Amino acid sequence: MERLAGAASLEDLRGIEREFVGKEGSVSGLLAAIPTLSPDDRRVVGKGANLLKRDIQAGIDQKKGELEAAEIAAQRAGGDFDATLPGAPQTRGSLHPLTLVRREVEAIFVSMGYSVLDGPEVELDYYNFQALNIPADHPAREMQDTFYCDTQGNLVMRTQTSPVQIRAMERLKPPFRVIAPGRVFRNEEPDATHEHTFHQVEGLVVGEDITVGHLSGVLKGFLRQLFQKDIEVRLRPGYFPFVEPGFELDVRCPFCEEGCRVCKKTRWIEFCGCGMVHPRVLAAGGIDSEAWTGFAFGFGLDRLVMLRYGIDDLRHFMAGDLRFLEQF
Amino acid sequence: MLISYRWLNRHVDLGDITPDQIAQDLTLSTAEVEGIEVFAPHLSDVVVGLVRTRERHPDADKLSVCTVDVGTGEDLSIVCGAPNVDAGQRVAVATVGTVLPGDFKIKKSKIRGVASMGMICSVRELDLGDEHDGIWVLPEGCEVGSPVSAALGVEDWVIEIDNKSITHRPDLWGHRGIARELAAIYGRELLPLDLSMPETGSGSSVPVRIESAACSRYVALSVDGVENGPSPLWLKLLLLAAGQRPLDILVDISNFVMLDLGQPNHLFDRKQIPPAGINVRMGREGETITTLDGEERKVGATDLLICSDDVPVALAGVMGGEGSKVGEDTGELLLEVASFDAVTIRRSSARIGLRTDASARFEKSLDPAMPMQAAAHLVRTLREIQPSVELPSAPTDVGDWQSCELFVELRGERVRRVLGIDLEDEAIAALLEKLDFGVDHSKGVMRVTVPSNRATKDIGIEEDLIEEVGRLYRYDNIPERRLSAEIAPPPHDERHALVTRIQDRLSGSAAFHEVLTYSFVAGSQLEKLGVADLQYTRLVNPVVDGEECVRRSVVPSLLGLLEKNRRQFTDVRLFEIGKGYCPELADEKGLPGEVHELALCWTRPEPGKKARFDAGLFAQMRGVLDDLFVTIGYEPPCWSAAGEAGELAPWFHPGNSLVGEYSDATKKGEVRRVVTVGKLEPGLHRPLGLVQELAGEVVVAQISLDELLASRSRAFGYKPIPRFPGNKVDVALAMPIGVPAGDLVRAIEKSGKGQVASVELFDLYTGPGIGEGRKSLAYHVLLQSDQKTLTDKDAQKFIKRLERAAADLGGELRSE
């Protein structure tokens, strides 16, 4: 019992346990020797030995409890552990910010019943212009600084995602709602706010009795989701050959109350061009404009990403610089 | 385009509406206003002063010392160098502290010993013209002490309209057009303007012959007795506000009419025009004309020319010729106001690279009814300035034109259906009538007369009229509505879903960074990589010379990013999912075949120490790919070492590459090559800048998403959890170095007779005890059966079989 009191660790305790009550221990030896004794001695020795074993075991158990509690207390004291040392470095990759925001946009429209479509980046002049009510001599062609892919003018790098409107109409039966995000190209010298390759999201809804009211309802609903606040918008006349009437949709600047750099002090940010699908465009897509009406819209994704992250130079997007990309 | 608020007020009374309000209403109903600025703000900073006395400067002959009353009760002493300054004049005074254009601050000064408390300004010092031969003498009635702008009644605001927002509106390229819109918006009267031709003399008119259909109307009017000189102040100020620098009466009056009505016009010296008169014809190859800006320009068969008899004197609709410039003697002039074909003018101006105020207007399709009106407007305005101007003969008016006025039927029902508003037919008609449309709705359907200035291009169909109604009603007043319709679920887009899964996996635990690169690749890069000979879709007009190829694969652009990123980071892992275009796969319409590709590049420095058979970064990349395929719903592909060179893209190391194949999703026995992974071709490290401090391992992977989507994906299902414990056996095999590990694994699997549940390489080495030309591979093999608990006896059978299989491959079992 003295030894028990002096045991300083669980290790000591295990030694004591082995020595006295373990398989090979002295008390166990005593018990093992019992069968060799006379029946009377057996009873006496047996009882004594069992009592002894029980007492020792009880002592050990009690001591064990004490020692374990002391050990936990010591662990809890913490020693020289420093929790403020830096975490072990983990590698991680990143998704392009255009991917991140595109996914957000897609998720909102998909939740409103839209399909996401894709279209070719090298496009036929027919889809990029003619079918969109931009015939050969239309001034809008020059405004768009088209990259031509052949000298006959049959192939272009698409200047807008709008050709997907025609491809959608050819493929789907109304009513339908689609969006088409993707790359577009304009022959422009890149600078902080211009790129020859940028990204748009096209939208097209065709149905019975689709009105201007629906157009503003859908776009407002989308913007509310995107900016997570009730955002004020305004529709004003805008000219795009493939819609009639056509509008520009401005969004109340979400960054300021009195005008700031982002909204150029106007308190409005131009967000997208939109309008009611021109009857000639519906006809090009094989849709009867008397039976169906529709609206279309298109906005720049790059600009949205710039607004979201406060990025001030468009050229970062296509530069493939890890110092930029790893931040997302 | 710059619009002057004061100029607008000549056409519609807007006195009680602020320029800001006008800007907002124009933006919401008509065209985008980009900004408003106060016109000539310094005109409000300088005050009217009365020169009380003027004396010669005691020490300088050319200077005068004036006392000037600027209404403060205390006369200022100002030294002035202008020869025309005199007592009794009212002048513009910049007092001490005033800042003039050019950031010129007036200070108290001493000029040759005489104190000067300000400056008497010339027209040029106020940025109102180029005249600087003296100070600006103001009219008698100006109130001393008040700001010059107020005293002259010329306070003005400049409203800038975005030209892009009026490309479709030829009628808005002048002040009257904008005023017409504002009159409609505010329900006011557009003030009448007398556009009738004044009486002319009975002399003979200049003959005009039109030889090209690109000129639909040509009005030529002789104008006599103009004395050229500076324009009156009112005209100069209006022009300045509209951004046009005043020059002299002839130039100014011509610009005035263009900016007022939107109709360009030109004045010729009539004395230079021979009796044969004017001939309008297309240019001839080899012909040249020197334009007013002094440039000699080559003319082609697509350019329209105004000729004096047969000599070109103007590039029609773009710019006049140097030769016909009006000289000092302006007594006999010929005014040209014409209608030209919009496309011809636009092409000419684009081809020559000369865009002018005139060409910008002609290319919008101007109203052919306008030339005679504009001619009348010009001479009437000119006569206001010089009443003695005479019109010796009737205007010549030739051309095959007719009024564009047209009729369009409009259904009120359609208006309501498209706009989504409840607007009675009467209200619709009222809105249209405000914009000068005529509406006859006697027969149920509205029959709308489109005025000719709107009918050249902008208005042609019912939807165009719906737009007119909508914008005057104000789109903002249309109530917002929710869509409701039965929409069928969209067709499943497997590629879209796949791309998302790939992006997530690679950017997650695999720690790759997604990049987006241009679709165009430089020819030099393709050359470098040895793929310049392939067919490419090429840009006719690239932004950067040499960057005209549309990419077939994402890999070349990705490889181009390694060097610059390795300069910043030791471990660079990039991926891109993008499209490539292959002309040889073009469809019948000529659209090149589109391929969808995932490319990965990984580079890092060579590790300091590496075991001989450590596949290093290659093994890492392969691990990433196997894991990726499983994550996106496929088994790992069937890998095999790439065969002879030439089969692979030239950026892959011909010997150190693997190709991965899958079974076709539907066709039995058909195989699709989905992925290639390999070390970078050794010869490319230097050209790609990956040498010296940037040297290292480079591994590239190229995956065809199209092939992957056509391959059989992993079936849905699960394997039951094994009921019987497995038996783990470790084996070491000594094999000839040339035997691929892949073959050995297949031998192990075969030896297990279906009982091999997993094979894991744990040691690979060569050295003493193995023998020359041999390597040792050690594997943990897990044997497991779904029938019974495997015994040591089963393991022994497996080892026996493996021993034979190893011998067949030229090796031996070293231990178990």
# chains A, B, ... in the order shown; residues from 1 in each chain; ligands from 1
call {"tool": "residues_around", "arguments": {"residues": "Gly71 (chain B)", "least_positions_apart": "5", "cutoff": "12 Å", "atoms": "only C-alpha atoms", "output": "list of chain:residue names"}}
result
B:Val47, B:Val48, B:Gly49, B:Leu50, B:Val51, B:Arg52, B:Leu76, B:Arg90, B:Val93, B:Thr95, B:Cys142, B:Glu143, B:Val144, B:Gly145, B:Ser146, B:Pro147
call {"tool": "residues_around", "arguments": {"residues": "Ile770 (chain B)", "least_positions_apart": "3", "cutoff": "10 Å", "atoms": "only C-alpha atoms", "output": "VMD selection string"}}
result
chain B and resid 733 to 736 765 to 767 773 to 776 814
call {"tool": "closest_residue", "arguments": {"among": "B:Gly300, B:Gly277, B:Gly460, B:Pro139", "to": "chain A", "atoms": "only C-alpha atoms"}}
result
B:Gly460
call {"tool": "select_by_dssp", "arguments": {"residues": "region 565-765 of chain B", "states": "strand (DSSP E)", "output": "ChimeraX atom specification"}}
result
/B:572-582,593-604,638-641,652-663,671-680,697-704,727-736,756-765
call {"tool": "write_last_selection", "arguments": {"atoms": "C-alpha atoms", "output": "mmCIF file, in the first residue's frame"}}
result
data_model
loop_
_atom_site.group_PDB
_atom_site.id
_atom_site.type_symbol
_atom_site.label_atom_id
_atom_site.label_comp_id
_atom_site.auth_asym_id
_atom_site.auth_seq_id
_atom_site.Cartn_x
_atom_site.Cartn_y
_atom_site.Cartn_z
ATOM 1 C CA VAL B 572 2.824 26.182 -61.327
ATOM 2 C CA ARG B 573 -0.330 24.222 -62.084
ATOM 3 C CA LEU B 574 -2.662 25.610 -64.744
ATOM 4 C CA PHE B 575 -5.700 24.327 -66.554
ATOM 5 C CA GLU B 576 -8.046 25.695 -69.141
ATOM 6 C CA ILE B 577 -11.227 24.366 -70.651
ATOM 7 C CA GLY B 578 -11.773 25.887 -74.045
ATOM 8 C CA LYS B 579 -12.783 25.511 -77.632
ATOM 9 C CA GLY B 580 -10.630 24.831 -80.654
ATOM 10 C CA TYR B 581 -11.519 25.162 -84.320
ATOM 11 C CA CYS B 582 -10.469 22.774 -87.081
ATOM 12 C CA GLY B 593 -15.345 21.943 -86.633
ATOM 13 C CA GLU B 594 -15.517 22.886 -82.968
ATOM 14 C CA VAL B 595 -13.627 20.791 -80.411
ATOM 15 C CA HIS B 596 -13.812 21.087 -76.646
ATOM 16 C CA GLU B 597 -10.652 20.508 -74.754
ATOM 17 C CA LEU B 598 -9.259 20.413 -71.258
ATOM 18 C CA ALA B 599 -5.545 21.062 -70.992
ATOM 19 C CA LEU B 600 -3.335 20.924 -67.911
ATOM 20 C CA CYS B 601 0.256 22.025 -67.455
ATOM 21 C CA TRP B 602 2.299 21.442 -64.365
ATOM 22 C CA THR B 603 5.860 22.497 -63.798
ATOM 23 C CA ARG B 604 8.175 22.717 -60.832
ATOM 24 C CA CYS B 638 -7.094 2.216 -70.079
ATOM 25 C CA TRP B 639 -3.576 3.582 -70.169
ATOM 26 C CA SER B 640 -0.916 2.508 -72.582
ATOM 27 C CA ALA B 641 2.496 3.840 -73.357
ATOM 28 C CA PHE B 652 4.646 15.458 -75.788
ATOM 29 C CA HIS B 653 7.865 13.572 -75.038
ATOM 30 C CA PRO B 654 7.592 10.704 -77.549
ATOM 31 C CA GLY B 655 8.796 8.065 -75.085
ATOM 32 C CA ASN B 656 7.594 9.431 -71.765
ATOM 33 C CA SER B 657 3.920 9.758 -72.511
ATOM 34 C CA LEU B 658 0.793 7.749 -71.975
ATOM 35 C CA VAL B 659 -2.454 7.698 -73.840
ATOM 36 C CA GLY B 660 -5.680 6.816 -72.099
ATOM 37 C CA GLU B 661 -8.566 5.199 -73.898
ATOM 38 C CA TYR B 662 -12.170 4.367 -73.178
ATOM 39 C CA SER B 663 -14.735 2.124 -74.765
ATOM 40 C CA VAL B 671 -12.254 2.647 -78.592
ATOM 41 C CA ARG B 672 -11.903 6.405 -78.019
ATOM 42 C CA ARG B 673 -8.629 8.081 -77.255
ATOM 43 C CA VAL B 674 -9.571 10.626 -74.625
ATOM 44 C CA VAL B 675 -6.393 11.718 -72.949
ATOM 45 C CA THR B 676 -2.697 12.080 -73.521
ATOM 46 C CA VAL B 677 -0.358 12.837 -70.666
ATOM 47 C CA GLY B 678 3.352 13.219 -71.009
ATOM 48 C CA LYS B 679 6.482 15.023 -70.132
ATOM 49 C CA LEU B 680 7.132 18.076 -72.236
ATOM 50 C CA GLU B 697 9.917 18.996 -64.678
ATOM 51 C CA VAL B 698 7.087 19.897 -67.035
ATOM 52 C CA VAL B 699 4.105 17.636 -67.565
ATOM 53 C CA VAL B 700 1.291 18.298 -69.997
ATOM 54 C CA ALA B 701 -2.108 16.648 -70.278
ATOM 55 C CA GLN B 702 -4.616 17.097 -73.058
ATOM 56 C CA ILE B 703 -8.139 15.764 -72.775
ATOM 57 C CA SER B 704 -10.804 15.772 -75.437
ATOM 58 C CA ASN B 727 -5.214 -11.992 -47.281
ATOM 59 C CA LYS B 728 -2.409 -9.472 -47.688
ATOM 60 C CA VAL B 729 0.671 -10.779 -49.495
ATOM 61 C CA ASP B 730 3.856 -8.821 -50.174
ATOM 62 C CA VAL B 731 5.867 -9.827 -53.217
ATOM 63 C CA ALA B 732 9.133 -8.517 -54.645
ATOM 64 C CA LEU B 733 10.054 -9.197 -58.234
ATOM 65 C CA ALA B 734 13.329 -8.673 -60.048
ATOM 66 C CA MET B 735 12.603 -7.750 -63.626
ATOM 67 C CA PRO B 736 14.548 -6.617 -66.669
ATOM 68 C CA VAL B 756 -6.668 -9.746 -56.583
ATOM 69 C CA ALA B 757 -8.572 -6.924 -54.916
ATOM 70 C CA SER B 758 -5.770 -4.354 -55.009
ATOM 71 C CA VAL B 759 -2.140 -3.972 -56.061
ATOM 72 C CA GLU B 760 -0.002 -1.262 -54.538
ATOM 73 C CA LEU B 761 3.633 -0.584 -55.457
ATOM 74 C CA PHE B 762 5.640 0.169 -52.305
ATOM 75 C CA ASP B 763 9.229 -0.145 -53.430
ATOM 76 C CA LEU B 764 11.085 0.255 -56.667
ATOM 77 C CA TYR B 765 14.835 0.076 -56.777
#
call {"tool": "select_by_dssp", "arguments": {"residues": "region 185-344 of chain B", "states": "helix (DSSP H, G or I)", "output": "ChimeraX atom specification"}}
result
/B:185-186,233-241,249-261,270-272,322-324,342-344
call {"tool": "closest_atom_pairs", "arguments": {"of": "region 234-279 of chain A", "to": "region 310-324 of chain A", "cutoff": "12 Å", "atoms": "only C-alpha atoms", "output": "tab-separated table"}}
result
residue	atom	partner	partner_atom	distance
A:Phe255	CA	A:Gly310	CA	10.4
A:Arg261	CA	A:Asp312	CA	10.9
A:Val262	CA	A:Gly310	CA	9.3
call {"tool": "write_last_selection", "arguments": {"atoms": "C-alpha atoms", "output": "mmCIF file, in the first residue's frame"}}
result
data_model
loop_
_atom_site.group_PDB
_atom_site.id
_atom_site.type_symbol
_atom_site.label_atom_id
_atom_site.label_comp_id
_atom_site.auth_asym_id
_atom_site.auth_seq_id
_atom_site.Cartn_x
_atom_site.Cartn_y
_atom_site.Cartn_z
ATOM 1 C CA PHE A 255 -21.770 51.491 -54.471
ATOM 2 C CA ARG A 261 -16.063 56.639 -59.793
ATOM 3 C CA VAL A 262 -17.853 53.442 -60.781
#
call {"tool": "closest_residue", "arguments": {"among": "B:Tyr718, B:Trp651, B:Phe362, B:Tyr475", "to": "chain A", "atoms": "only C-alpha atoms"}}
result
B:Tyr475
call {"tool": "closest_residue", "arguments": {"among": "A:Asp230, A:Asp250, A:Glu290, A:Glu244", "to": "chain B", "atoms": "only C-alpha atoms"}}
result
A:Glu244
call {"tool": "closest_residue", "arguments": {"among": "A:Gly298, A:Gly259, A:Pro120, A:Pro163", "to": "chain B", "atoms": "only C-alpha atoms"}}
result
A:Pro120
call {"tool": "closest_residue", "arguments": {"among": "A:Cys263, A:Val101, A:Leu304, A:Val156", "to": "chain B", "atoms": "only C-alpha atoms"}}
result
A:Val156
call {"tool": "closest_residue", "arguments": {"among": "B:Gly283, B:Gly420, B:Gly696, B:Gly769", "to": "chain A", "atoms": "only C-alpha atoms"}}
result
B:Gly420
